[in-house]
Amino acid sequence: MSNLEQTLSIIKPDAVERDLSENIKKIFIKNNLEIKDSKKLQITKDEAAEFYKVHQSKPFFNDLCAYLSSGPIEVMILEGKNAISLNRKLMGATDPKNAEENTIRKLYGISIDKNSVHGSDSVDNAKIEIKFFFKN
Ligand code: IDP
Ligand code: MG
């Protein structure tokens, strides 16, 4: 049984702005996640709303979409054994205050909204999210 997976990672505007992309990528590589593709871009608020549509009923949805579209982001396809859960573990808890030591969000996150990274949370969402940014 193979559990080789791909997942989508986003380095969010707060981390790109502080030049943290290379540090974050080193954490992925050190932990056996291969960067299969990557690109830097800025999305519109409408595109952010499409990407985050699972959160559309949440009170923070508008701010979330405004934030993700507020500046350049770097999106990556990560591949490796159990890549989805491994990436989530390396990211740490959504709120950096609750993130474990040495996780990306503990090291670099500023607040629950400026928490430096996104990572897919399931096989199905990883497929949808990779397709969203890498349409071939
Ligand atoms: P995740 O990024 O750890 O998967 P989700 O629950 O999927 O967390 O939420 C997506 C993003 O929405 C989070 O990364 C965070 O930036 C933002 N967010 C989540 N909960 C809150 C909140 O209570 N207030 C403000 N922003 C939030
Ligand atoms: Mg999520």
# chains A, B, ... in the order shown; residues from 1 in each chain; ligands from 1
$ residues_around --residues "A:Lys81" --least-positions-apart "6" --cutoff "7 Å" --atoms "only C-alpha atoms" --output "MDAnalysis selection string"
chainID A and resid 3:5
$ residues_near_ligand --ligand "ligand 1" --cutoff "8 Å" --atoms "only C-alpha atoms and all ligand atoms" --output "list in words"
Tyr52, His55, Pro59, Phe60, Phe61, Asp63, Leu64, Arg88, Gly92, Ala93, Thr94, Asp95, Ile112, Asp113, Lys114, Asn115, Val117, His118, Gly119, Ser120 and Asp121 of chain A
$ closest_residue --among "A:Ser9, A:Ser69, A:Ser38, A:Ser2" --to "ligand 2" --atoms "only C-alpha atoms and all ligand atoms"
A:Ser9
$ closest_residue --among "A:Ile77, A:Asn82, A:Ile10, A:Lys131" --to "ligand 2" --atoms "only C-alpha atoms and all ligand atoms"
A:Ile10
$ select_by_dssp --residues "stretch 15-132 of chain A" --states "strand (DSSP E or B)" --output "PyMOL selection string"
chain A and resi 34-41+73-81+117-119
$ write_last_selection --atoms "N, CA, C and O atoms" --output "compact mmCIF listing (two decimals), in the first residue's frame"
# COMPACT_ATOMS: atom_id res chain seq x y z
N GLU A 34 9.17 16.80 -0.85
CA GLU A 34 9.81 17.30 -2.07
C GLU A 34 8.93 18.38 -2.69
O GLU A 34 7.70 18.23 -2.77
N ILE A 35 9.54 19.48 -3.10
CA ILE A 35 8.80 20.56 -3.75
C ILE A 35 8.73 20.25 -5.24
O ILE A 35 9.70 20.41 -5.96
N LYS A 36 7.56 19.77 -5.68
CA LYS A 36 7.40 19.31 -7.07
C LYS A 36 7.19 20.47 -8.03
O LYS A 36 7.51 20.39 -9.21
N ASP A 37 6.58 21.52 -7.53
CA ASP A 37 6.33 22.69 -8.36
C ASP A 37 6.11 23.85 -7.40
O ASP A 37 5.67 23.64 -6.26
N SER A 38 6.41 25.05 -7.83
CA SER A 38 6.14 26.21 -6.98
C SER A 38 6.04 27.46 -7.85
O SER A 38 6.62 27.52 -8.94
N LYS A 39 5.28 28.41 -7.36
CA LYS A 39 5.23 29.70 -8.06
C LYS A 39 4.78 30.80 -7.10
O LYS A 39 4.07 30.54 -6.11
N LYS A 40 5.22 31.99 -7.42
CA LYS A 40 4.86 33.16 -6.62
C LYS A 40 3.84 33.94 -7.43
O LYS A 40 4.03 34.14 -8.64
N LEU A 41 2.77 34.36 -6.80
CA LEU A 41 1.74 35.10 -7.51
C LEU A 41 0.90 35.89 -6.50
O LEU A 41 1.06 35.72 -5.29
N ILE A 73 1.93 35.69 -2.69
CA ILE A 73 1.99 34.42 -1.96
C ILE A 73 2.87 33.47 -2.77
O ILE A 73 3.10 33.70 -3.96
N GLU A 74 3.33 32.42 -2.12
CA GLU A 74 4.05 31.39 -2.87
C GLU A 74 3.29 30.08 -2.67
O GLU A 74 3.03 29.69 -1.53
N VAL A 75 2.91 29.45 -3.78
CA VAL A 75 2.15 28.20 -3.70
C VAL A 75 3.05 27.05 -4.16
O VAL A 75 3.84 27.22 -5.09
N MET A 76 2.91 25.92 -3.51
CA MET A 76 3.78 24.77 -3.80
C MET A 76 3.02 23.47 -3.76
O MET A 76 2.12 23.30 -2.92
N ILE A 77 3.43 22.54 -4.62
CA ILE A 77 2.99 21.15 -4.49
C ILE A 77 4.09 20.42 -3.72
O ILE A 77 5.24 20.38 -4.16
N LEU A 78 3.72 19.88 -2.57
CA LEU A 78 4.66 19.08 -1.78
C LEU A 78 4.31 17.61 -1.96
O LEU A 78 3.14 17.24 -1.94
N GLU A 79 5.33 16.79 -2.11
CA GLU A 79 5.10 15.36 -2.28
C GLU A 79 5.96 14.57 -1.31
O GLU A 79 7.13 14.90 -1.10
N GLY A 80 5.37 13.54 -0.75
CA GLY A 80 6.13 12.66 0.14
C GLY A 80 5.20 11.68 0.83
O GLY A 80 3.98 11.68 0.62
N LYS A 81 5.81 10.84 1.65
CA LYS A 81 5.03 9.87 2.41
C LYS A 81 4.14 10.62 3.41
O LYS A 81 4.65 11.47 4.16
N VAL A 117 1.31 30.16 6.86
CA VAL A 117 1.17 29.06 5.90
C VAL A 117 -0.25 28.49 5.85
O VAL A 117 -1.01 28.58 6.82
N HIS A 118 -0.56 27.91 4.69
CA HIS A 118 -1.76 27.10 4.51
C HIS A 118 -1.32 25.71 4.11
O HIS A 118 -0.33 25.55 3.41
N GLY A 119 -2.08 24.69 4.51
CA GLY A 119 -1.83 23.33 4.03
C GLY A 119 -3.14 22.60 3.88
O GLY A 119 -4.04 22.72 4.72
$ closest_residue --among "A:Asp19, A:Lys97, A:Leu8, A:Asn62" --to "ligand 2" --atoms "only C-alpha atoms and all ligand atoms"
A:Leu8
$ closest_residue --among "A:Ile104, A:Ile27, A:Met91, A:Leu86" --to "ligand 2" --atoms "only C-alpha atoms and all ligand atoms"
A:Met91
